[in-house]
>>> print(open('run-v2.cif').read())   # mmCIF, C-alpha atoms, pLDDT in the B column; chains and numbers go by the auth columns
data_input
#
loop_
_atom_site.group_PDB
_atom_site.id
_atom_site.type_symbol
_atom_site.label_atom_id
_atom_site.label_comp_id
_atom_site.label_asym_id
_atom_site.label_seq_id
_atom_site.Cartn_x
_atom_site.Cartn_y
_atom_site.Cartn_z
_atom_site.B_iso_or_equiv
_atom_site.auth_seq_id
_atom_site.auth_asym_id
ATOM 1 C CA MET A 1 19.843 -16.618 -16.803 46.00 1 A
ATOM 2 C CA PRO A 2 18.994 -15.084 -20.204 48.00 2 A
ATOM 3 C CA LYS A 3 18.397 -17.532 -23.023 48.00 3 A
ATOM 4 C CA PRO A 4 19.498 -17.262 -26.661 44.00 4 A
ATOM 5 C CA VAL A 5 17.097 -15.100 -28.625 43.00 5 A
ATOM 6 C CA ASN A 6 15.764 -15.913 -32.107 43.00 6 A
ATOM 7 C CA THR A 7 17.823 -19.080 -32.459 42.00 7 A
ATOM 8 C CA PRO A 8 16.565 -22.373 -33.909 44.00 8 A
ATOM 9 C CA ALA A 9 15.549 -24.992 -31.388 46.00 9 A
ATOM 10 C CA ALA A 10 18.280 -27.478 -30.564 46.00 10 A
ATOM 11 C CA ALA A 11 17.968 -30.890 -32.145 48.00 11 A
ATOM 12 C CA GLY A 12 15.681 -33.042 -30.040 53.00 12 A
ATOM 13 C CA ALA A 13 14.588 -30.109 -27.844 53.00 13 A
ATOM 14 C CA PRO A 14 10.852 -30.010 -27.058 64.00 14 A
ATOM 15 C CA VAL A 15 8.868 -27.488 -29.074 74.00 15 A
ATOM 16 C CA LYS A 16 7.304 -24.772 -26.937 80.00 16 A
ATOM 17 C CA GLY A 17 3.560 -24.417 -27.266 89.00 17 A
ATOM 18 C CA PRO A 18 1.554 -21.217 -26.759 89.00 18 A
ATOM 19 C CA VAL A 19 0.941 -21.963 -23.067 92.00 19 A
ATOM 20 C CA ASP A 20 4.648 -22.625 -22.447 91.00 20 A
ATOM 21 C CA LYS A 21 5.557 -19.298 -24.036 91.00 21 A
ATOM 22 C CA ALA A 22 2.897 -17.411 -22.105 92.00 22 A
ATOM 23 C CA LEU A 23 4.060 -18.889 -18.792 91.00 23 A
ATOM 24 C CA GLU A 24 7.686 -18.006 -19.536 91.00 24 A
ATOM 25 C CA VAL A 25 6.772 -14.386 -20.230 91.00 25 A
ATOM 26 C CA LEU A 26 4.634 -14.190 -17.073 89.00 26 A
ATOM 27 C CA ASP A 27 7.501 -15.637 -15.037 85.00 27 A
ATOM 28 C CA ALA A 28 9.930 -13.082 -16.475 87.00 28 A
ATOM 29 C CA LEU A 29 7.439 -10.271 -15.922 87.00 29 A
ATOM 30 C CA ALA A 30 7.075 -11.218 -12.240 82.00 30 A
ATOM 31 C CA GLN A 31 10.812 -11.104 -11.525 79.00 31 A
ATOM 32 C CA PRO A 32 12.054 -8.361 -9.155 74.00 32 A
ATOM 33 C CA ASP A 33 13.239 -4.941 -10.338 75.00 33 A
ATOM 34 C CA SER A 34 10.264 -4.225 -12.573 75.00 34 A
ATOM 35 C CA PRO A 35 9.345 -2.562 -14.852 84.00 35 A
ATOM 36 C CA HIS A 36 11.052 -4.705 -17.475 89.00 36 A
ATOM 37 C CA ARG A 37 11.863 -3.627 -21.015 90.00 37 A
ATOM 38 C CA LEU A 38 10.656 -5.706 -23.928 90.00 38 A
ATOM 39 C CA ALA A 39 14.236 -6.524 -24.915 90.00 39 A
ATOM 40 C CA ASP A 40 15.005 -7.760 -21.386 90.00 40 A
ATOM 41 C CA LEU A 41 11.945 -9.993 -21.343 91.00 41 A
ATOM 42 C CA ALA A 42 12.864 -11.427 -24.735 91.00 42 A
ATOM 43 C CA ALA A 43 16.429 -12.077 -23.568 91.00 43 A
ATOM 44 C CA ARG A 44 15.265 -13.796 -20.391 89.00 44 A
ATOM 45 C CA THR A 45 12.765 -16.054 -22.131 91.00 45 A
ATOM 46 C CA GLY A 46 14.663 -16.650 -25.369 92.00 46 A
ATOM 47 C CA LEU A 47 11.522 -15.815 -27.341 92.00 47 A
ATOM 48 C CA PRO A 48 11.388 -13.458 -30.361 92.00 48 A
ATOM 49 C CA LYS A 49 10.480 -9.868 -29.525 92.00 49 A
ATOM 50 C CA PRO A 50 7.283 -9.916 -31.652 93.00 50 A
ATOM 51 C CA THR A 51 6.071 -12.980 -29.721 93.00 51 A
ATOM 52 C CA VAL A 52 6.814 -11.369 -26.354 92.00 52 A
ATOM 53 C CA HIS A 53 5.157 -8.111 -27.429 92.00 53 A
ATOM 54 C CA ARG A 54 2.028 -9.933 -28.595 93.00 54 A
ATOM 55 C CA LEU A 55 1.760 -11.840 -25.313 93.00 55 A
ATOM 56 C CA LEU A 56 2.306 -8.683 -23.281 92.00 56 A
ATOM 57 C CA GLN A 57 -0.516 -6.965 -25.139 92.00 57 A
ATOM 58 C CA THR A 58 -2.818 -9.891 -24.343 93.00 58 A
ATOM 59 C CA PHE A 59 -1.764 -9.844 -20.686 92.00 59 A
ATOM 60 C CA ALA A 60 -2.267 -6.081 -20.490 91.00 60 A
ATOM 61 C CA ASP A 61 -5.785 -6.379 -21.919 91.00 61 A
ATOM 62 C CA ALA A 62 -6.591 -8.995 -19.253 90.00 62 A
ATOM 63 C CA GLY A 63 -4.978 -7.060 -16.384 89.00 63 A
ATOM 64 C CA TYR A 64 -1.993 -9.378 -15.885 88.00 64 A
ATOM 65 C CA ALA A 65 0.517 -6.810 -17.183 90.00 65 A
ATOM 66 C CA ALA A 66 0.626 -3.033 -17.051 90.00 66 A
ATOM 67 C CA PRO A 67 2.515 -0.720 -19.439 89.00 67 A
ATOM 68 C CA ALA A 68 5.150 1.499 -17.853 87.00 68 A
ATOM 69 C CA PRO A 69 7.095 4.525 -19.146 85.00 69 A
ATOM 70 C CA GLY A 70 9.691 3.906 -21.824 83.00 70 A
ATOM 71 C CA GLY A 71 7.930 0.937 -23.372 83.00 71 A
ATOM 72 C CA SER A 72 8.447 -1.203 -20.259 89.00 72 A
ATOM 73 C CA TYR A 73 5.981 -3.480 -18.496 91.00 73 A
ATOM 74 C CA ARG A 74 5.289 -4.388 -14.897 88.00 74 A
ATOM 75 C CA PRO A 75 2.971 -6.975 -13.289 87.00 75 A
ATOM 76 C CA GLY A 76 -0.669 -5.944 -13.557 88.00 76 A
ATOM 77 C CA PRO A 77 -3.262 -5.916 -10.756 86.00 77 A
ATOM 78 C CA ARG A 78 -4.663 -9.354 -11.563 87.00 78 A
ATOM 79 C CA LEU A 79 -1.200 -10.951 -11.485 82.00 79 A
ATOM 80 C CA LEU A 80 -0.458 -9.218 -8.174 77.00 80 A
ATOM 81 C CA ALA A 81 -3.777 -10.453 -6.784 81.00 81 A
ATOM 82 C CA LEU A 82 -2.970 -14.030 -7.818 79.00 82 A
ATOM 83 C CA GLY A 83 0.388 -13.849 -6.056 75.00 83 A
ATOM 84 C CA ALA A 84 -1.125 -12.367 -2.910 72.00 84 A
ATOM 85 C CA THR A 85 -3.836 -15.043 -2.824 76.00 85 A
ATOM 86 C CA ALA A 86 -1.301 -17.843 -3.227 72.00 86 A
ATOM 87 C CA LEU A 87 0.932 -16.431 -0.473 69.00 87 A
ATOM 88 C CA ALA A 88 -2.013 -15.973 1.886 68.00 88 A
ATOM 89 C CA ALA A 89 -3.098 -19.592 1.344 70.00 89 A
ATOM 90 C CA SER A 90 0.372 -21.065 1.934 74.00 90 A
ATOM 91 C CA ARG A 91 0.523 -23.123 5.144 77.00 91 A
ATOM 92 C CA GLU A 92 4.332 -23.044 5.031 77.00 92 A
ATOM 93 C CA LEU A 93 4.391 -19.246 5.009 80.00 93 A
ATOM 94 C CA ARG A 94 1.846 -18.990 7.832 83.00 94 A
ATOM 95 C CA LEU A 95 4.156 -21.146 9.941 85.00 95 A
ATOM 96 C CA ALA A 96 7.357 -19.457 8.765 86.00 96 A
ATOM 97 C CA ARG A 97 6.459 -15.797 9.347 88.00 97 A
ATOM 98 C CA PRO A 98 6.427 -15.833 13.184 92.00 98 A
ATOM 99 C CA VAL A 99 9.669 -17.827 13.186 91.00 99 A
ATOM 100 C CA LEU A 100 11.294 -15.279 10.874 91.00 100 A
ATOM 101 C CA ASP A 101 10.168 -12.428 13.112 93.00 101 A
ATOM 102 C CA ASP A 102 11.574 -14.209 16.162 94.00 102 A
ATOM 103 C CA LEU A 103 14.922 -14.836 14.445 92.00 103 A
ATOM 104 C CA ARG A 104 15.132 -11.207 13.354 91.00 104 A
ATOM 105 C CA GLN A 105 14.357 -9.923 16.850 91.00 105 A
ATOM 106 C CA ARG A 106 16.871 -12.240 18.539 92.00 106 A
ATOM 107 C CA THR A 107 19.714 -11.701 16.069 90.00 107 A
ATOM 108 C CA GLY A 108 19.116 -8.223 14.704 89.00 108 A
ATOM 109 C CA GLN A 109 19.708 -9.673 11.231 89.00 109 A
ATOM 110 C CA LEU A 110 17.597 -10.243 8.140 89.00 110 A
ATOM 111 C CA ALA A 111 15.779 -13.587 8.287 92.00 111 A
ATOM 112 C CA HIS A 112 14.211 -15.131 5.201 90.00 112 A
ATOM 113 C CA PHE A 113 12.486 -18.283 4.007 92.00 113 A
ATOM 114 C CA SER A 114 13.067 -19.848 0.595 90.00 114 A
ATOM 115 C CA VAL A 115 11.685 -22.832 -1.304 89.00 115 A
ATOM 116 C CA ARG A 116 13.233 -24.929 -4.051 90.00 116 A
ATOM 117 C CA ASP A 117 12.242 -24.602 -7.700 86.00 117 A
ATOM 118 C CA GLY A 118 14.347 -27.092 -9.630 88.00 118 A
ATOM 119 C CA ALA A 119 17.975 -26.036 -9.210 90.00 119 A
ATOM 120 C CA ALA A 120 17.127 -22.608 -7.764 89.00 120 A
ATOM 121 C CA ALA A 121 16.128 -21.267 -4.358 90.00 121 A
ATOM 122 C CA VAL A 122 13.204 -18.844 -4.542 86.00 122 A
ATOM 123 C CA HIS A 123 12.774 -16.305 -1.741 86.00 123 A
ATOM 124 C CA VAL A 124 9.166 -16.158 -0.580 84.00 124 A
ATOM 125 C CA ALA A 125 9.178 -14.293 2.751 85.00 125 A
ATOM 126 C CA HIS A 126 11.534 -12.289 4.954 85.00 126 A
ATOM 127 C CA SER A 127 11.673 -10.256 8.141 88.00 127 A
ATOM 128 C CA GLU A 128 13.987 -7.269 7.922 86.00 128 A
ATOM 129 C CA PRO A 129 15.495 -5.316 10.835 83.00 129 A
ATOM 130 C CA SER A 130 15.123 -1.562 11.103 74.00 130 A
ATOM 131 C CA SER A 131 18.600 -0.368 10.188 66.00 131 A
ATOM 132 C CA ALA A 132 20.431 1.681 7.592 51.00 132 A
ATOM 133 C CA TYR A 133 21.658 -1.490 5.889 57.00 133 A
ATOM 134 C CA ARG A 134 19.334 -3.079 3.360 60.00 134 A
ATOM 135 C CA MET A 135 19.760 -6.193 1.225 62.00 135 A
ATOM 136 C CA ALA A 136 18.297 -6.395 -2.266 59.00 136 A
ATOM 137 C CA LEU A 137 16.080 -9.344 -1.334 63.00 137 A
ATOM 138 C CA ALA A 138 12.517 -9.488 -2.628 66.00 138 A
ATOM 139 C CA ALA A 139 9.815 -12.133 -2.737 68.00 139 A
ATOM 140 C CA GLY A 140 10.141 -14.024 -6.004 71.00 140 A
ATOM 141 C CA GLY A 141 13.881 -13.430 -6.306 78.00 141 A
ATOM 142 C CA GLU A 142 15.968 -16.527 -6.865 81.00 142 A
ATOM 143 C CA VAL A 143 19.529 -17.745 -6.558 88.00 143 A
ATOM 144 C CA PRO A 144 21.138 -21.007 -7.712 91.00 144 A
ATOM 145 C CA LEU A 145 21.158 -23.730 -5.072 93.00 145 A
ATOM 146 C CA TYR A 146 24.901 -24.305 -5.405 94.00 146 A
ATOM 147 C CA CYS A 147 25.946 -20.808 -4.261 93.00 147 A
ATOM 148 C CA SER A 148 23.620 -19.960 -1.383 93.00 148 A
ATOM 149 C CA ALA A 149 23.208 -21.048 2.222 95.00 149 A
ATOM 150 C CA VAL A 150 19.514 -21.774 1.678 94.00 150 A
ATOM 151 C CA GLY A 151 20.436 -23.772 -1.417 95.00 151 A
ATOM 152 C CA TRP A 152 23.071 -25.847 0.370 96.00 152 A
ATOM 153 C CA ALA A 153 20.655 -26.447 3.249 96.00 153 A
ATOM 154 C CA MET A 154 17.968 -27.771 0.908 95.00 154 A
ATOM 155 C CA LEU A 155 20.455 -29.815 -1.125 96.00 155 A
ATOM 156 C CA SER A 156 21.765 -31.415 2.061 95.00 156 A
ATOM 157 C CA ALA A 157 18.277 -32.666 2.926 94.00 157 A
ATOM 158 C CA LEU A 158 17.812 -34.361 -0.458 93.00 158 A
ATOM 159 C CA PRO A 159 19.023 -37.887 -1.241 92.00 159 A
ATOM 160 C CA PRO A 160 22.711 -37.550 -2.276 92.00 160 A
ATOM 161 C CA GLU A 161 22.028 -38.887 -5.772 93.00 161 A
ATOM 162 C CA GLU A 162 19.278 -36.300 -6.315 94.00 162 A
ATOM 163 C CA ALA A 163 21.531 -33.491 -5.090 94.00 163 A
ATOM 164 C CA ALA A 164 24.296 -34.693 -7.427 94.00 164 A
ATOM 165 C CA GLY A 165 21.859 -34.702 -10.345 94.00 165 A
ATOM 166 C CA LEU A 166 20.855 -31.097 -9.661 94.00 166 A
ATOM 167 C CA LEU A 167 24.494 -29.982 -9.533 94.00 167 A
ATOM 168 C CA GLY A 168 25.546 -31.862 -12.684 93.00 168 A
ATOM 169 C CA GLY A 169 29.101 -32.701 -13.614 91.00 169 A
ATOM 170 C CA GLU A 170 30.257 -29.495 -15.296 93.00 170 A
ATOM 171 C CA PRO A 171 31.915 -26.496 -13.598 94.00 171 A
ATOM 172 C CA LEU A 172 29.359 -24.165 -12.049 94.00 172 A
ATOM 173 C CA GLY A 173 29.169 -20.451 -12.784 93.00 173 A
ATOM 174 C CA ALA A 174 31.047 -18.168 -10.410 94.00 174 A
ATOM 175 C CA ARG A 175 28.950 -15.392 -8.858 93.00 175 A
ATOM 176 C CA THR A 176 31.892 -14.063 -6.809 94.00 176 A
ATOM 177 C CA PRO A 177 35.599 -14.976 -6.466 94.00 177 A
ATOM 178 C CA ARG A 178 34.578 -17.197 -3.516 95.00 178 A
ATOM 179 C CA THR A 179 31.856 -19.214 -5.277 93.00 179 A
ATOM 180 C CA VAL A 180 32.470 -22.977 -5.059 95.00 180 A
ATOM 181 C CA THR A 181 32.284 -23.995 -8.708 94.00 181 A
ATOM 182 C CA ASP A 182 33.334 -27.657 -8.512 96.00 182 A
ATOM 183 C CA PRO A 183 30.223 -29.857 -8.083 95.00 183 A
ATOM 184 C CA ARG A 184 32.322 -32.486 -6.291 95.00 184 A
ATOM 185 C CA ALA A 185 33.474 -29.888 -3.761 95.00 185 A
ATOM 186 C CA VAL A 186 29.872 -28.805 -3.165 95.00 186 A
ATOM 187 C CA LEU A 187 28.821 -32.435 -2.611 95.00 187 A
ATOM 188 C CA ALA A 188 31.669 -32.886 -0.143 94.00 188 A
ATOM 189 C CA GLU A 189 30.540 -29.815 1.796 94.00 189 A
ATOM 190 C CA LEU A 190 26.945 -31.097 1.835 94.00 190 A
ATOM 191 C CA ALA A 191 28.129 -34.053 3.924 92.00 191 A
ATOM 192 C CA ARG A 192 29.362 -31.560 6.543 93.00 192 A
ATOM 193 C CA VAL A 193 26.072 -29.664 6.361 95.00 193 A
ATOM 194 C CA ARG A 194 24.149 -32.879 7.052 94.00 194 A
ATOM 195 C CA GLU A 195 26.342 -33.511 10.092 94.00 195 A
ATOM 196 C CA THR A 196 26.106 -30.010 11.578 95.00 196 A
ATOM 197 C CA GLY A 197 22.518 -29.296 10.546 94.00 197 A
ATOM 198 C CA TYR A 198 23.247 -25.916 8.964 95.00 198 A
ATOM 199 C CA ALA A 199 24.958 -24.395 5.915 96.00 199 A
ATOM 200 C CA VAL A 200 27.110 -21.286 5.630 94.00 200 A
ATOM 201 C CA ASP A 201 27.325 -18.972 2.611 94.00 201 A
ATOM 202 C CA ASP A 202 30.723 -17.262 2.833 93.00 202 A
ATOM 203 C CA GLU A 203 30.290 -14.668 0.071 93.00 203 A
ATOM 204 C CA TYR A 204 29.412 -17.380 -2.460 93.00 204 A
ATOM 205 C CA ALA A 205 26.529 -15.490 -4.078 90.00 205 A
ATOM 206 C CA GLU A 206 27.286 -11.859 -3.239 90.00 206 A
ATOM 207 C CA GLN A 207 30.462 -10.179 -2.038 90.00 207 A
ATOM 208 C CA ASP A 208 30.458 -8.876 1.541 90.00 208 A
ATOM 209 C CA VAL A 209 27.326 -10.908 2.336 89.00 209 A
ATOM 210 C CA ARG A 210 27.382 -14.007 4.541 92.00 210 A
ATOM 211 C CA ALA A 211 24.457 -16.166 5.570 93.00 211 A
ATOM 212 C CA ILE A 212 23.568 -19.235 7.592 95.00 212 A
ATOM 213 C CA ALA A 213 20.636 -21.543 6.837 95.00 213 A
ATOM 214 C CA ALA A 214 19.010 -24.731 8.049 95.00 214 A
ATOM 215 C CA PRO A 215 16.635 -26.985 6.103 94.00 215 A
ATOM 216 C CA VAL A 216 12.941 -26.979 7.004 92.00 216 A
ATOM 217 C CA LEU A 217 11.444 -30.458 6.738 89.00 217 A
ATOM 218 C CA GLY A 218 7.831 -31.470 6.300 84.00 218 A
ATOM 219 C CA PRO A 219 6.003 -34.155 8.331 83.00 219 A
ATOM 220 C CA GLY A 220 7.330 -36.925 6.096 83.00 220 A
ATOM 221 C CA GLY A 221 10.902 -35.662 6.120 85.00 221 A
ATOM 222 C CA GLU A 222 10.613 -33.993 2.707 88.00 222 A
ATOM 223 C CA VAL A 223 12.305 -30.645 2.139 89.00 223 A
ATOM 224 C CA ALA A 224 9.787 -27.811 2.618 87.00 224 A
ATOM 225 C CA GLY A 225 12.295 -24.951 2.384 90.00 225 A
#
>>> encode(input="run-v2.cif", output="structure tokens")
Amino acid sequence: MPKPVNTPAAAGAPVKGPVDKALEVLDALAQPDSPHRLADLAARTGLPKPTVHRLLQTFADAGYAAPAPGGSYRPGPRLLALGATALAASRELRLARPVLDDLRQRTGQLAHFSVRDGAAAVHVAHSEPSSAYRMALAAGGEVPLYCSAVGWAMLSALPPEEAAGLLGGEPLGARTPRTVTDPRAVLAELARVRETGYAVDDEYAEQDVRAIAAPVLGPGGEVAG
């Protein structure tokens, strides 16, 4: 979600250092649908445009960003190499990929694997059927936990108090007319997910799209994805 741009820091809010700012710009740069305009990157990070431009120039010089037409930027070769190396070294992804392929072959549907980053589910791998229909799902894309099947599945595998803390007590943002926006209602549904072992997204994140998901647990019972 875009952050306020060029606004004073809130009282008591931690001051961002140079490394924090650089990481925020890199994260925004790596989001799907690149290239990204300078104004979009500033809006996403909440940083002033001159700061974002200066960081982008540094990244471009080092190969982590690449200029694109229209004053936009896309991930550079060194950033792409880092991502590829991290994905190749991931034990979870090595185990998930054959399972995704099997699910896709047996169902004829898109199968994907996501991990949790705070209150968001981040898509890291998928197996897509050969058909005319395509979903806009890319590695690195994210969706809030509260409005996705993968999110509900991961929330259900967390201790209830931790899941409640991630949802908060305020109304949640509606992505579609069917999004469940009451945190208490989401928590109530998580009890059903724990009982059945799977979660259903009934157009909560995107209209005309439904999904089913089950939590993947590590050896110690922790949520892996």
>>> residues_around(input="run-v2.cif", residues="Glu128 (chain A)", least_positions_apart="6", cutoff="9 Å", atoms="only C-alpha atoms", output="compact mmCIF listing (two decimals) with C-alpha atoms, in the frame of the given file")
# COMPACT_ATOMS: atom_id res chain seq x y z
CA LEU A 100 11.29 -15.28 10.87
CA ASP A 101 10.17 -12.43 13.11
CA ARG A 104 15.13 -11.21 13.35
CA GLY A 108 19.12 -8.22 14.70
CA GLN A 109 19.71 -9.67 11.23
CA LEU A 110 17.60 -10.24 8.14
CA ALA A 111 15.78 -13.59 8.29
CA HIS A 112 14.21 -15.13 5.20
CA ARG A 134 19.33 -3.08 3.36
CA MET A 135 19.76 -6.19 1.23
>>> resolve_selection(input="run-v2.cif", expression="the PyMOL selection byres ((chain A and resi 56) around 10)", output="list in words")
Ala22, Val25, Leu26, Leu29, Leu38, Leu41, Pro50, Thr51, Val52, His53, Arg54, Leu55, Gln57, Thr58, Phe59, Ala60, Asp61, Ala62, Tyr64, Ala65, Ala66, Pro67, Tyr73 and Arg74 of chain A
>>> resolve_selection(input="run-v2.cif", expression="the PyMOL selection byres ((chain A and resi 186) around 12)", output="ChimeraX atom specification")
/A:145-149,151-153,155-156,160,163-164,166-169,171-172,179-185,187-193,199-201,204
>>> residues_around(input="run-v2.cif", residues="Arg97 (chain A)", least_positions_apart="3", cutoff="12 Å", atoms="only C-alpha atoms", output="PyMOL selection string")
chain A and resi 87-88+90-94+100-104+111-114+124-128
>>> closest_residue(input="run-v2.cif", among="A:Val19, A:Val143, A:Val150, A:Ala81", to="Ile212 (chain A)", atoms="only C-alpha atoms")
A:Val150
>>> atom_distance(input="run-v2.cif", atom1="CA of Ala121 (chain A)", atom2="CA of Ala214 (chain A)")
13.2 Å
>>> atom_distance(input="run-v2.cif", atom1="CA of Glu195 (chain A)", atom2="CA of Ala211 (chain A)")
18.0 Å
